[in-house]
Amino acid sequence: MIGAEFQAIYVMWLREMKRFSRSRSRIVGVIIQPLFFLVILGFGLRGAILPGLTGDYIDFIAPGIVAMAILFSSMFTGISVLWDKQFGFLQEVLVAPISRFSIIIGRTFGGATISLLQGFIILIISIFLGVTVSSTAGLFLTIIFMVLLAFTAVGFGLILASLMRDFQGFQIIINLIILPLFFLSSAIVPIQTNENLPKFLIDASFANPLFYMVDGLRGSLTGMNWVFDPLINLVIVFIICAIMMGLGTYFFSKSEA
Amino acid sequence: MKLMTSDIIKTENLTKKFDNFTAVDNVSFTVKQGEIFGFLGPNGAGKTTTIKMLTTLLNPTDGFAEVVGFNIIKQKDEVRKKIGIVFQEPALDNELTGRENLDFHARMYGLDKKNRKTRINQVLKLVDLVNKKDEYVNNYSGGMKRRLEIARGLMHHPTVLFLDEPTLGLDAQTRRAIWEYIKKMNRDEGTTIFLTTHYMDEADYLCKRIGIIDQGKILVIDTTENLKNSVGNDVITLSCDDLEILIIRIQKEPWIKNIKMYGSSLTLGVEKGEEKIPVIIEIAQSLGLKIKSISVRKPTLDDVFLSFTGKNIRIEEPEPVYKKIARRRLLGR
């Protein structure tokens with residue numbers, strides 16, 4: 001019984017791996033795009049003085065780009081459940097004698113593996129480009145943040161996929177929800193430490209779950225420019241991750257093929 | 001196996017409502033072990049909804065059903081283990097090969113490595129896809145996809161296999177081939193089959209018993225043989241200038257089994273149809289009526305459907321995907 005569930009989790013994961021490894025454009029795309037941001041913005045603004053920034057800009061943006069790569073890739077996997085819905089494959093999965101929970105776990109592991117792979121590639125390239133690494137412990141903590149971010153984003157994607165019928169609303173959600181959250185998370189430019197911004201925007205930005213992930217990543221990787229102590233961020237991010245995964249599981253198990 | 005009777009499927013007053021619309025309305029029937037049972041009805045009659053309830057994908061609004069002795073609401077996992085299903089729309093992963101699709105399925109149903117390998121080969125052989133097994137499903141034709149799905153439905157030795165419109169949208173030759181596969185697996189594997197169709201010839205060729213369903217209600221359930229006999233051994237269809245006068249006169253004849261008027265033509269159920277044609281023509285002439293056309297043929301399920309619903313079965317082309325998506329959006333479903 002338990003063995004069957006594990007086998008199902010494994011095969012859900014395996015399917016994600018196979019699909020990803022066969023789609024060359026996706027592999028290239030997901031690495032090139034963040035790299036582009038990292039190199040162009042990182043070096044283009046290297047000497048620039050930004051309000052609220054201390055130290056080198058590339059140290060600031062590298063953790064933000066790692067977060068971006070993981071965020072978008074994970075969300076895509078969560079949302080790709082919609083493809084399965086449209087192509088009917090979801091029915092095949094839902095009619096199998098496997099708990100909904102295992103199906104979600106398998107899918108989440110698959111999505112998280114892919115996005116972490118990308119996150120690590122960006123991380124390694126960043127280190128080669130001379131981004132400051134605070135300590136080995138910090139690097140270890142960075143990886144934990146990356147894993148939590150991956151799971152949170154897959155969970156969020158699953159919620160969207162369960163609530164949506166087709167891809168109509170997808171672009172709107174990206175433009176109206178994801179991009180504002182991303183920019184207000186301090187991933188690209190400092191928000192919370194920037195005194196030029198209106199106060200209400202700074203206050204509101206503390207309600208952005210993505211901020212704690214980016215801040216935690218930055219604090220643990222470079223040891224610079226952080227707003228909260230990485231360990232405080234870790235607790236907050238862990239709670240957010242648990243909530244997202246819980247909601248994702250709930251909404252997915254509710255949805256009918 | 002927890003099976004007290006030979007009833008593989010048993011439903012009592014099964015009902016499904018979507019908002020104000022009743023898709024399946026108090027449906028009760030049984031399917032016996034080893035038989036091929038068909039649900040015949042036009043599009044939108046409630047066939048797919050019934051299958052979705054029996055396969056645990058939808059919860060019924062009311063009523064009760066057992067599949068292989070397990071309750072479809074309370075024992076979903078037990079039901080799922082015992083059934084195979086081929087959906088109306090393809091449910092394959094196009095980015096995997098045929099063999100990988102089967103392997104995925106086998107693992108989801110907990111088959112071990114050795115069983116997976118032998119069973120995959122067995123089912124591929126059954127549907128003649130051994131040579132194509134390592135090709136991506138993307139490159140399969142519609143008929144090949146359907147065959148692969150049938151093979152997949154059989155992978156885990158289900159007690160009952162559900163086929164939802166198994167030949168929808170396929171050409172005549174491929175349909176024949178699919179029919180043969182269905183008969184073969186019923187014969188060789190002893191699989192009980194529950195299928196839905198809106199093709200008369202399909203139900204006639206494959207099924208031992210059929211239920212005719214329209215607007216969510218079962219109109220009649222019987223063997224195909226009995227249903228055809230109820231219409232008469234032969235069916236005479238004729239048209240002439242004044243049908244009503246002819247009907248008044250002809251219904252007095254003792255050899256008329258049943259008589260029905262549809263639009264401008266008259267359908268008569270009779271014995272020995274060829275011998276009755278001259279008699280009918282004689283009667284018409286004596287009434288001064290001119291017969292425009294007359295024919296005799298063996299009854300088909302179409303006639304059965306006609307006599308139970310009063311209308312011809314609506315045969316519609318499979319709906320294009322873009323239309324369906326548009327409709328879903330409109331309905332906000």
# chains A, B, ... in the order shown; residues from 1 in each chain; ligands from 1
>>> residues_around(residues="A:Ile202", least_positions_apart="5", cutoff="12 Å", atoms="only C-alpha atoms", output="mmCIF file with C-alpha atoms, in the first residue's frame")
data_model
loop_
_atom_site.group_PDB
_atom_site.id
_atom_site.type_symbol
_atom_site.label_atom_id
_atom_site.label_comp_id
_atom_site.auth_asym_id
_atom_site.auth_seq_id
_atom_site.Cartn_x
_atom_site.Cartn_y
_atom_site.Cartn_z
ATOM 1 C CA LEU A 184 8.425 44.858 -4.496
ATOM 2 C CA SER A 185 10.439 41.991 -3.023
ATOM 3 C CA SER A 186 13.700 43.933 -3.392
ATOM 4 C CA PRO A 190 16.143 47.930 -2.731
ATOM 5 C CA ILE A 191 12.633 48.764 -1.574
ATOM 6 C CA GLN A 192 12.535 48.539 2.212
ATOM 7 C CA THR A 193 15.736 50.572 2.699
ATOM 8 C CA ASN A 194 14.929 53.159 0.038
ATOM 9 C CA GLU A 195 13.823 56.399 1.690
ATOM 10 C CA ASN A 196 12.704 57.956 -1.595
ATOM 11 C CA LEU A 197 9.743 55.614 -1.884
ATOM 12 C CA ALA A 207 3.145 41.957 3.469
ATOM 13 C CA ASN A 208 4.822 40.470 0.395
ATOM 14 C CA PHE A 211 10.272 39.678 0.206
#
>>> residues_around(residues="stretch 135-140 of chain B", least_positions_apart="6", cutoff="12 Å", atoms="only C-alpha atoms", output="JSON, numbers by chain")
{"A": [19, 22, 87], "B": [90, 91, 92, 93, 94, 95, 96, 97, 98, 99, 100, 101, 102, 129, 146, 147, 148, 149]}
>>> write_last_selection(atoms="N, CA and C atoms", output="tab-separated table (two decimals), in the first residue's frame")
chain	number	residue	atom	x	y	z
A	19	ARG	N	9.98	14.93	-19.34
A	19	ARG	CA	9.43	16.01	-20.15
A	19	ARG	C	10.39	17.18	-20.22
A	22	ARG	N	13.52	16.57	-22.40
A	22	ARG	CA	13.27	16.49	-23.83
A	22	ARG	C	12.96	17.84	-24.45
A	87	PHE	N	-5.39	18.61	-21.99
A	87	PHE	CA	-5.11	17.47	-22.85
A	87	PHE	C	-5.68	16.17	-22.29
B	90	PRO	N	-8.67	11.85	-25.93
B	90	PRO	CA	-7.41	11.20	-25.60
B	90	PRO	C	-6.82	11.73	-24.30
B	91	ALA	N	-6.31	10.82	-23.48
B	91	ALA	CA	-5.73	11.20	-22.20
B	91	ALA	C	-4.31	10.66	-22.11
B	92	LEU	N	-3.53	10.89	-23.18
B	92	LEU	CA	-2.16	10.39	-23.23
B	92	LEU	C	-1.19	11.56	-23.06
B	93	ASP	N	0.02	11.25	-22.62
B	93	ASP	CA	1.05	12.28	-22.57
B	93	ASP	C	1.79	12.25	-23.90
B	94	ASN	N	1.57	13.28	-24.70
B	94	ASN	CA	2.14	13.31	-26.06
B	94	ASN	C	3.65	13.40	-26.09
B	95	GLU	N	4.23	13.86	-25.00
B	95	GLU	CA	5.68	14.03	-24.98
B	95	GLU	C	6.41	12.78	-24.52
B	96	LEU	N	5.65	11.73	-24.22
B	96	LEU	CA	6.27	10.45	-23.88
B	96	LEU	C	6.02	9.47	-25.02
B	97	THR	N	6.80	8.40	-25.06
B	97	THR	CA	6.58	7.38	-26.08
B	97	THR	C	5.41	6.51	-25.66
B	98	GLY	N	4.95	5.67	-26.59
B	98	GLY	CA	3.86	4.76	-26.27
B	98	GLY	C	4.21	3.87	-25.09
B	99	ARG	N	5.43	3.33	-25.12
B	99	ARG	CA	5.85	2.43	-24.05
B	99	ARG	C	5.92	3.17	-22.70
B	100	GLU	N	6.40	4.40	-22.75
B	100	GLU	CA	6.51	5.16	-21.51
B	100	GLU	C	5.13	5.49	-20.93
B	101	ASN	N	4.17	5.74	-21.80
B	101	ASN	CA	2.81	5.97	-21.32
B	101	ASN	C	2.29	4.75	-20.58
B	102	LEU	N	2.56	3.57	-21.15
B	102	LEU	CA	2.11	2.34	-20.51
B	102	LEU	C	2.85	2.11	-19.20
B	129	LEU	N	0.77	-2.71	-31.64
B	129	LEU	CA	1.58	-1.49	-31.61
B	129	LEU	C	3.03	-1.75	-31.21
B	146	ARG	N	-5.95	5.73	-29.94
B	146	ARG	CA	-7.06	5.04	-29.31
B	146	ARG	C	-6.67	3.62	-28.95
B	147	ARG	N	-5.91	2.98	-29.85
B	147	ARG	CA	-5.47	1.61	-29.56
B	147	ARG	C	-4.55	1.58	-28.35
B	148	LEU	N	-3.65	2.57	-28.29
B	148	LEU	CA	-2.73	2.63	-27.14
B	148	LEU	C	-3.53	2.82	-25.85
B	149	GLU	N	-4.57	3.63	-25.93
B	149	GLU	CA	-5.38	3.86	-24.73
B	149	GLU	C	-6.11	2.60	-24.30
>>> select_by_dssp(residues="stretch 259-314 of chain B", states="helix (DSSP H, G or I)", output="count of residues only")
23
>>> interface_residues(of="chain A", to="chain B", cutoff="12 Å", atoms="only C-alpha atoms", output="mmCIF file with N, CA and C atoms, in the first residue's frame")
data_model
loop_
_atom_site.group_PDB
_atom_site.id
_atom_site.type_symbol
_atom_site.label_atom_id
_atom_site.label_comp_id
_atom_site.auth_asym_id
_atom_site.auth_seq_id
_atom_site.Cartn_x
_atom_site.Cartn_y
_atom_site.Cartn_z
ATOM 1 N N MET A 1 0.843 -1.205 0.000
ATOM 2 C CA MET A 1 0.000 0.000 0.000
ATOM 3 C C MET A 1 0.870 1.244 0.000
ATOM 4 N N ILE A 2 1.747 1.338 1.033
ATOM 5 C CA ILE A 2 2.657 2.479 1.121
ATOM 6 C C ILE A 2 3.618 2.437 -0.068
ATOM 7 N N GLY A 3 4.048 1.208 -0.414
ATOM 8 C CA GLY A 3 4.968 1.051 -1.538
ATOM 9 C C GLY A 3 4.374 1.590 -2.817
ATOM 10 N N ALA A 4 3.088 1.341 -3.033
ATOM 11 C CA ALA A 4 2.419 1.815 -4.243
ATOM 12 C C ALA A 4 2.414 3.340 -4.293
ATOM 13 N N GLU A 5 2.210 3.960 -3.130
ATOM 14 C CA GLU A 5 2.189 5.428 -3.093
ATOM 15 C C GLU A 5 3.581 5.974 -3.455
ATOM 16 N N PHE A 6 4.623 5.329 -2.924
ATOM 17 C CA PHE A 6 5.975 5.796 -3.224
ATOM 18 C C PHE A 6 6.292 5.639 -4.707
ATOM 19 N N GLN A 7 5.848 4.511 -5.245
ATOM 20 C CA GLN A 7 6.090 4.279 -6.666
ATOM 21 C C GLN A 7 5.381 5.347 -7.507
ATOM 22 N N ALA A 8 4.180 5.723 -7.069
ATOM 23 C CA ALA A 8 3.437 6.750 -7.798
ATOM 24 C C ALA A 8 4.132 8.102 -7.703
ATOM 25 N N ILE A 9 4.636 8.425 -6.508
ATOM 26 C CA ILE A 9 5.363 9.689 -6.341
ATOM 27 C C ILE A 9 6.574 9.682 -7.269
ATOM 28 N N TYR A 10 7.273 8.542 -7.283
ATOM 29 C CA TYR A 10 8.456 8.443 -8.117
ATOM 30 C C TYR A 10 8.120 8.630 -9.595
ATOM 31 N N VAL A 11 7.038 7.996 -10.062
ATOM 32 C CA VAL A 11 6.751 8.053 -11.497
ATOM 33 C C VAL A 11 6.231 9.442 -11.888
ATOM 34 N N MET A 12 5.551 10.123 -10.963
ATOM 35 C CA MET A 12 5.145 11.506 -11.240
ATOM 36 C C MET A 12 6.389 12.385 -11.387
ATOM 37 N N TRP A 13 7.359 12.155 -10.525
ATOM 38 C CA TRP A 13 8.617 12.896 -10.582
ATOM 39 C C TRP A 13 9.357 12.576 -11.885
ATOM 40 N N LEU A 14 9.407 11.268 -12.194
ATOM 41 C CA LEU A 14 10.126 10.814 -13.388
ATOM 42 C C LEU A 14 9.543 11.445 -14.654
ATOM 43 N N ARG A 15 8.231 11.557 -14.683
ATOM 44 C CA ARG A 15 7.581 12.130 -15.852
ATOM 45 C C ARG A 15 8.009 13.587 -16.039
ATOM 46 N N GLU A 16 8.047 14.335 -14.947
ATOM 47 C CA GLU A 16 8.493 15.728 -15.043
ATOM 48 C C GLU A 16 9.921 15.800 -15.574
ATOM 49 N N MET A 17 10.772 14.899 -15.090
ATOM 50 C CA MET A 17 12.176 14.900 -15.519
ATOM 51 C C MET A 17 12.276 14.613 -17.012
ATOM 52 N N LYS A 18 11.521 13.594 -17.455
ATOM 53 C CA LYS A 18 11.584 13.214 -18.865
ATOM 54 C C LYS A 18 11.097 14.349 -19.744
ATOM 55 N N ARG A 19 9.985 14.926 -19.340
ATOM 56 C CA ARG A 19 9.432 16.015 -20.154
ATOM 57 C C ARG A 19 10.395 17.181 -20.217
ATOM 58 N N PHE A 20 11.030 17.481 -19.088
ATOM 59 C CA PHE A 20 11.943 18.619 -19.064
ATOM 60 C C PHE A 20 13.180 18.345 -19.913
ATOM 61 N N SER A 21 13.755 17.131 -19.744
ATOM 62 C CA SER A 21 15.001 16.839 -20.450
ATOM 63 C C SER A 21 14.785 16.779 -21.957
ATOM 64 N N ARG A 22 13.519 16.571 -22.395
ATOM 65 C CA ARG A 22 13.265 16.493 -23.832
ATOM 66 C C ARG A 22 12.955 17.838 -24.449
ATOM 67 N N SER A 23 12.648 18.807 -23.610
ATOM 68 C CA SER A 23 12.274 20.084 -24.176
ATOM 69 C C SER A 23 13.485 21.007 -24.122
ATOM 70 N N TRP A 83 -2.225 22.227 -18.427
ATOM 71 C CA TRP A 83 -2.039 21.539 -19.710
ATOM 72 C C TRP A 83 -2.611 20.135 -19.629
ATOM 73 N N ASP A 84 -2.283 19.472 -18.514
ATOM 74 C CA ASP A 84 -2.778 18.108 -18.326
ATOM 75 C C ASP A 84 -4.297 18.091 -18.306
ATOM 76 N N LYS A 85 -4.858 19.161 -17.751
ATOM 77 C CA LYS A 85 -6.309 19.260 -17.698
ATOM 78 C C LYS A 85 -6.852 19.385 -19.118
ATOM 79 N N GLN A 86 -6.218 20.255 -19.908
ATOM 80 C CA GLN A 86 -6.731 20.501 -21.256
ATOM 81 C C GLN A 86 -6.497 19.313 -22.183
ATOM 82 N N PHE A 87 -5.389 18.605 -21.985
ATOM 83 C CA PHE A 87 -5.114 17.467 -22.855
ATOM 84 C C PHE A 87 -5.683 16.175 -22.293
ATOM 85 N N GLY A 88 -6.425 16.264 -21.210
ATOM 86 C CA GLY A 88 -7.112 15.089 -20.691
ATOM 87 C C GLY A 88 -6.267 14.167 -19.840
ATOM 88 N N PHE A 89 -4.943 14.410 -19.810
ATOM 89 C CA PHE A 89 -4.078 13.475 -19.095
ATOM 90 C C PHE A 89 -4.369 13.478 -17.596
ATOM 91 N N LEU A 90 -4.874 14.577 -17.090
ATOM 92 C CA LEU A 90 -5.178 14.667 -15.663
ATOM 93 C C LEU A 90 -6.182 13.595 -15.236
ATOM 94 N N GLN A 91 -7.134 13.280 -16.147
ATOM 95 C CA GLN A 91 -8.129 12.257 -15.827
ATOM 96 C C GLN A 91 -7.453 10.915 -15.570
ATOM 97 N N GLU A 92 -6.472 10.598 -16.438
ATOM 98 C CA GLU A 92 -5.730 9.349 -16.286
ATOM 99 C C GLU A 92 -5.059 9.289 -14.919
ATOM 100 N N VAL A 93 -4.551 10.443 -14.465
ATOM 101 C CA VAL A 93 -3.884 10.483 -13.164
ATOM 102 C C VAL A 93 -4.909 10.374 -12.032
ATOM 103 N N LEU A 94 -6.022 11.076 -12.193
ATOM 104 C CA LEU A 94 -6.996 11.136 -11.101
ATOM 105 C C LEU A 94 -7.772 9.840 -10.916
ATOM 106 N N VAL A 95 -7.845 9.018 -11.965
ATOM 107 C CA VAL A 95 -8.628 7.786 -11.853
ATOM 108 C C VAL A 95 -7.772 6.631 -11.310
ATOM 109 N N ALA A 96 -6.476 6.884 -11.148
ATOM 110 C CA ALA A 96 -5.584 5.849 -10.612
ATOM 111 C C ALA A 96 -5.811 5.686 -9.105
ATOM 112 N N PRO A 97 -5.586 4.468 -8.591
ATOM 113 C CA PRO A 97 -5.837 4.232 -7.158
ATOM 114 C C PRO A 97 -4.723 4.793 -6.279
ATOM 115 N N ILE A 98 -4.506 6.093 -6.381
ATOM 116 C CA ILE A 98 -3.416 6.754 -5.672
ATOM 117 C C ILE A 98 -4.009 7.971 -4.984
ATOM 118 N N SER A 99 -3.544 8.246 -3.759
ATOM 119 C CA SER A 99 -4.117 9.387 -3.048
ATOM 120 C C SER A 99 -3.720 10.680 -3.744
ATOM 121 N N ARG A 100 -4.620 11.666 -3.664
ATOM 122 C CA ARG A 100 -4.345 12.980 -4.255
ATOM 123 C C ARG A 100 -3.058 13.563 -3.688
ATOM 124 N N SER A 102 -0.284 12.031 -2.751
ATOM 125 C CA SER A 102 0.918 11.500 -3.410
ATOM 126 C C SER A 102 1.110 12.109 -4.792
ATOM 127 N N ILE A 103 -0.012 12.324 -5.486
ATOM 128 C CA ILE A 103 0.072 12.913 -6.822
ATOM 129 C C ILE A 103 0.706 14.300 -6.727
ATOM 130 N N GLY A 106 4.491 14.080 -5.747
ATOM 131 C CA GLY A 106 5.312 13.686 -6.890
ATOM 132 C C GLY A 106 5.521 14.843 -7.845
ATOM 133 N N LEU A 163 -7.743 26.615 -9.747
ATOM 134 C CA LEU A 163 -8.835 27.571 -9.803
ATOM 135 C C LEU A 163 -9.144 28.003 -11.233
ATOM 136 N N MET A 164 -8.166 27.839 -12.145
ATOM 137 C CA MET A 164 -8.377 28.299 -13.515
ATOM 138 C C MET A 164 -8.808 27.157 -14.413
ATOM 139 N N ARG A 165 -9.558 27.509 -15.457
ATOM 140 C CA ARG A 165 -10.024 26.506 -16.411
ATOM 141 C C ARG A 165 -9.087 26.420 -17.609
ATOM 142 N N ASP A 166 -8.528 27.534 -18.021
ATOM 143 C CA ASP A 166 -7.618 27.544 -19.166
ATOM 144 C C ASP A 166 -6.587 28.651 -18.972
ATOM 145 N N PHE A 167 -5.814 28.913 -20.016
ATOM 146 C CA PHE A 167 -4.704 29.837 -19.879
ATOM 147 C C PHE A 167 -5.093 31.301 -20.072
ATOM 148 N N GLN A 168 -6.386 31.545 -20.236
ATOM 149 C CA GLN A 168 -6.850 32.908 -20.461
ATOM 150 C C GLN A 168 -6.322 33.897 -19.422
ATOM 151 N N GLY A 169 -6.513 33.545 -18.161
ATOM 152 C CA GLY A 169 -6.174 34.486 -17.113
ATOM 153 C C GLY A 169 -4.703 34.480 -16.725
ATOM 154 N N SER A 253 -7.042 18.841 -4.644
ATOM 155 C CA SER A 253 -7.869 17.667 -4.347
ATOM 156 C C SER A 253 -9.350 17.989 -4.531
ATOM 157 N N LYS A 254 -9.684 19.286 -4.469
ATOM 158 C CA LYS A 254 -11.075 19.692 -4.670
ATOM 159 C C LYS A 254 -11.452 19.703 -6.148
ATOM 160 N N SER A 255 -10.459 19.968 -6.995
ATOM 161 C CA SER A 255 -10.780 20.181 -8.415
ATOM 162 C C SER A 255 -11.143 18.859 -9.073
ATOM 163 N N GLU A 256 -12.124 18.941 -9.971
ATOM 164 C CA GLU A 256 -12.550 17.745 -10.684
ATOM 165 C C GLU A 256 -12.027 17.806 -12.104
ATOM 166 N N ALA A 257 -11.684 16.651 -12.640
ATOM 167 C CA ALA A 257 -11.097 16.616 -13.983
ATOM 168 C C ALA A 257 -12.135 17.038 -15.015
#
>>> select_by_dssp(residues="stretch 58-211 of chain B", states="strand (DSSP E or B)", output="ChimeraX atom specification")
/B:62-67,70-71,83-86,97,136,160-164,192-197,209-211
>>> write_last_selection(atoms="N, CA and C atoms", output="JSON list (two decimals), in the first residue's frame")
[["chain", "number", "residue", "atom", "x", "y", "z"],
["B", 62, "ASP", "N", -27.38, 11.98, -6.17],
["B", 62, "ASP", "CA", -28.31, 11.13, -5.46],
["B", 62, "ASP", "C", -28.17, 9.71, -5.99],
["B", 63, "GLY", "N", -28.68, 8.75, -5.23],
["B", 63, "GLY", "CA", -28.65, 7.37, -5.70],
["B", 63, "GLY", "C", -27.38, 6.66, -5.28],
["B", 64, "PHE", "N", -27.20, 5.47, -5.84],
["B", 64, "PHE", "CA", -26.19, 4.57, -5.30],
["B", 64, "PHE", "C", -25.65, 3.70, -6.43],
["B", 65, "ALA", "N", -24.39, 3.35, -6.37],
["B", 65, "ALA", "CA", -23.84, 2.45, -7.36],
["B", 65, "ALA", "C", -22.70, 1.63, -6.77],
["B", 66, "GLU", "N", -22.61, 0.38, -7.25],
["B", 66, "GLU", "CA", -21.51, -0.49, -6.86],
["B", 66, "GLU", "C", -20.80, -0.96, -8.11],
["B", 67, "VAL", "N", -19.47, -0.93, -8.07],
["B", 67, "VAL", "CA", -18.68, -1.45, -9.17],
["B", 67, "VAL", "C", -17.77, -2.54, -8.59],
["B", 70, "PHE", "N", -17.91, -2.77, -4.89],
["B", 70, "PHE", "CA", -17.49, -1.67, -4.04],
["B", 70, "PHE", "C", -18.32, -0.43, -4.30],
["B", 71, "ASN", "N", -18.60, 0.29, -3.23],
["B", 71, "ASN", "CA", -19.38, 1.51, -3.33],
["B", 71, "ASN", "C", -18.56, 2.62, -3.98],
["B", 83, "ILE", "N", -10.93, -1.11, -12.03],
["B", 83, "ILE", "CA", -11.46, -0.66, -13.32],
["B", 83, "ILE", "C", -10.37, -0.13, -14.24],
["B", 84, "GLY", "N", -10.66, -0.23, -15.53],
["B", 84, "GLY", "CA", -9.84, 0.44, -16.52],
["B", 84, "GLY", "C", -10.76, 1.37, -17.27],
["B", 85, "ILE", "N", -10.21, 2.42, -17.84],
["B", 85, "ILE", "CA", -11.08, 3.36, -18.54],
["B", 85, "ILE", "C", -10.38, 3.97, -19.75],
["B", 86, "VAL", "N", -11.13, 4.06, -20.84],
["B", 86, "VAL", "CA", -10.66, 4.77, -22.01],
["B", 86, "VAL", "C", -11.58, 5.96, -22.18],
["B", 97, "THR", "N", 6.80, 8.40, -25.06],
["B", 97, "THR", "CA", 6.58, 7.38, -26.08],
["B", 97, "THR", "C", 5.41, 6.51, -25.66],
["B", 136, "TYR", "N", 7.22, 8.74, -30.15],
["B", 136, "TYR", "CA", 6.46, 9.68, -29.32],
["B", 136, "TYR", "C", 4.99, 9.65, -29.72],
["B", 160, "VAL", "N", -13.39, -4.71, -14.96],
["B", 160, "VAL", "CA", -14.30, -4.09, -15.91],
["B", 160, "VAL", "C", -13.60, -2.93, -16.60],
["B", 161, "LEU", "N", -13.83, -2.84, -17.90],
["B", 161, "LEU", "CA", -13.21, -1.75, -18.67],
["B", 161, "LEU", "C", -14.32, -0.83, -19.18],
["B", 162, "PHE", "N", -14.16, 0.46, -18.93],
["B", 162, "PHE", "CA", -15.12, 1.45, -19.41],
["B", 162, "PHE", "C", -14.58, 2.07, -20.69],
["B", 163, "LEU", "N", -15.40, 2.06, -21.73],
["B", 163, "LEU", "CA", -15.00, 2.68, -22.98],
["B", 163, "LEU", "C", -16.01, 3.78, -23.31],
["B", 164, "ASP", "N", -15.54, 5.01, -23.32],
["B", 164, "ASP", "CA", -16.45, 6.12, -23.60],
["B", 164, "ASP", "C", -16.29, 6.51, -25.06],
["B", 192, "THR", "N", -15.06, -7.65, -18.45],
["B", 192, "THR", "CA", -16.41, -7.11, -18.63],
["B", 192, "THR", "C", -16.26, -5.72, -19.24],
["B", 193, "ILE", "N", -17.12, -5.41, -20.20],
["B", 193, "ILE", "CA", -16.96, -4.12, -20.87],
["B", 193, "ILE", "C", -18.24, -3.32, -20.80],
["B", 194, "PHE", "N", -18.08, -2.07, -20.38],
["B", 194, "PHE", "CA", -19.19, -1.13, -20.38],
["B", 194, "PHE", "C", -18.81, -0.04, -21.37],
["B", 195, "LEU", "N", -19.59, 0.08, -22.45],
["B", 195, "LEU", "CA", -19.22, 1.10, -23.42],
["B", 195, "LEU", "C", -20.39, 2.02, -23.71],
["B", 196, "THR", "N", -20.07, 3.21, -24.14],
["B", 196, "THR", "CA", -21.11, 4.13, -24.57],
["B", 196, "THR", "C", -20.86, 4.44, -26.04],
["B", 197, "THR", "N", -21.91, 4.71, -26.75],
["B", 197, "THR", "CA", -21.76, 5.02, -28.17],
["B", 197, "THR", "C", -23.00, 5.74, -28.65],
["B", 209, "ARG", "N", -26.15, -6.78, -24.52],
["B", 209, "ARG", "CA", -27.31, -6.05, -24.02],
["B", 209, "ARG", "C", -27.02, -4.57, -24.15],
["B", 210, "ILE", "N", -28.07, -3.80, -24.40],
["B", 210, "ILE", "CA", -27.86, -2.36, -24.41],
["B", 210, "ILE", "C", -28.96, -1.64, -23.63],
["B", 211, "GLY", "N", -28.60, -0.46, -23.15],
["B", 211, "GLY", "CA", -29.57, 0.43, -22.54],
["B", 211, "GLY", "C", -29.67, 1.64, -23.44]]
>>> atom_distance(atom1="atom CA of A:Val133", atom2="atom CA of A:Asp59")
9.0 Å
>>> residues_around(residues="stretch 158-160 of chain A", least_positions_apart="3", cutoff="9 Å", atoms="only C-alpha atoms", output="list of chain:residue names")
A:Met75, A:Thr77, A:Gly78, A:Ile79, A:Ser80, A:Val81, A:Leu82, A:Ile104, A:Thr108, A:Ala153, A:Val154, A:Gly155, A:Leu163, A:Met164, A:Phe170, A:Ile173, A:Met244, A:Met245, A:Leu247, A:Gly248, A:Thr249, A:Tyr250, A:Phe251, A:Phe252
>>> closest_residue(among="A:Gln33, A:Thr54, A:Asn233, A:Ser220", to="A:Gly138", atoms="only C-alpha atoms")
A:Ser220
>>> atom_distance(atom1="atom CA of B:Arg297", atom2="atom CA of B:Thr237")
8.4 Å
>>> residues_around(residues="A:Phe37", least_positions_apart="2", cutoff="10 Å", atoms="only C-alpha atoms", output="list of chain:residue names")
A:Ile32, A:Gln33, A:Pro34, A:Leu35, A:Val39, A:Ile40, A:Leu41, A:Gly42, A:Phe43, A:Gly44, A:Ile61, A:Ala62, A:Ile65, A:Met68, A:Ile188
>>> residues_around(residues="B:Tyr205", least_positions_apart="6", cutoff="10 Å", atoms="only C-alpha atoms", output="list in words")
Arg176, Trp179, Lys183 and Thr224 of chain B
>>> write_last_selection(atoms="N, CA and C atoms", output="PDB file, in the first residue's frame")
ATOM      1  N   ARG B 176     -13.562  -0.612 -37.489  1.00  0.00           N
ATOM      2  CA  ARG B 176     -13.645  -2.079 -37.572  1.00  0.00           C
ATOM      3  C   ARG B 176     -12.556  -2.713 -36.725  1.00  0.00           C
ATOM      4  N   TRP B 179     -13.145  -2.430 -33.087  1.00  0.00           N
ATOM      5  CA  TRP B 179     -14.194  -3.376 -32.669  1.00  0.00           C
ATOM      6  C   TRP B 179     -13.609  -4.763 -32.444  1.00  0.00           C
ATOM      7  N   LYS B 183     -13.645  -6.961 -28.988  1.00  0.00           N
ATOM      8  CA  LYS B 183     -14.173  -8.336 -28.892  1.00  0.00           C
ATOM      9  C   LYS B 183     -13.091  -9.275 -28.381  1.00  0.00           C
ATOM     10  N   THR B 224     -29.876  -6.975 -27.552  1.00  0.00           N
ATOM     11  CA  THR B 224     -30.027  -6.375 -28.878  1.00  0.00           C
ATOM     12  C   THR B 224     -31.041  -7.177 -29.689  1.00  0.00           C
TER      13      THR B 224
END
>>> residues_around(residues="stretch 120-122 of chain A", least_positions_apart="4", cutoff="9 Å", atoms="only C-alpha atoms", output="NGL selection string")
:A and (31 or 34-35 or 38 or 62 or 65-66 or 69 or 115-116 or 126-127 or 143 or 146)
>>> closest_residue(among="B:Val270, B:Ile221, B:Met261, B:Ile247", to="B:Leu287", atoms="only C-alpha atoms")
B:Ile247
>>> residues_around(residues="A:Leu217", least_positions_apart="4", cutoff="7 Å", atoms="only C-alpha atoms", output="PyMOL selection string")
chain A and resi 63+142+145+213+221
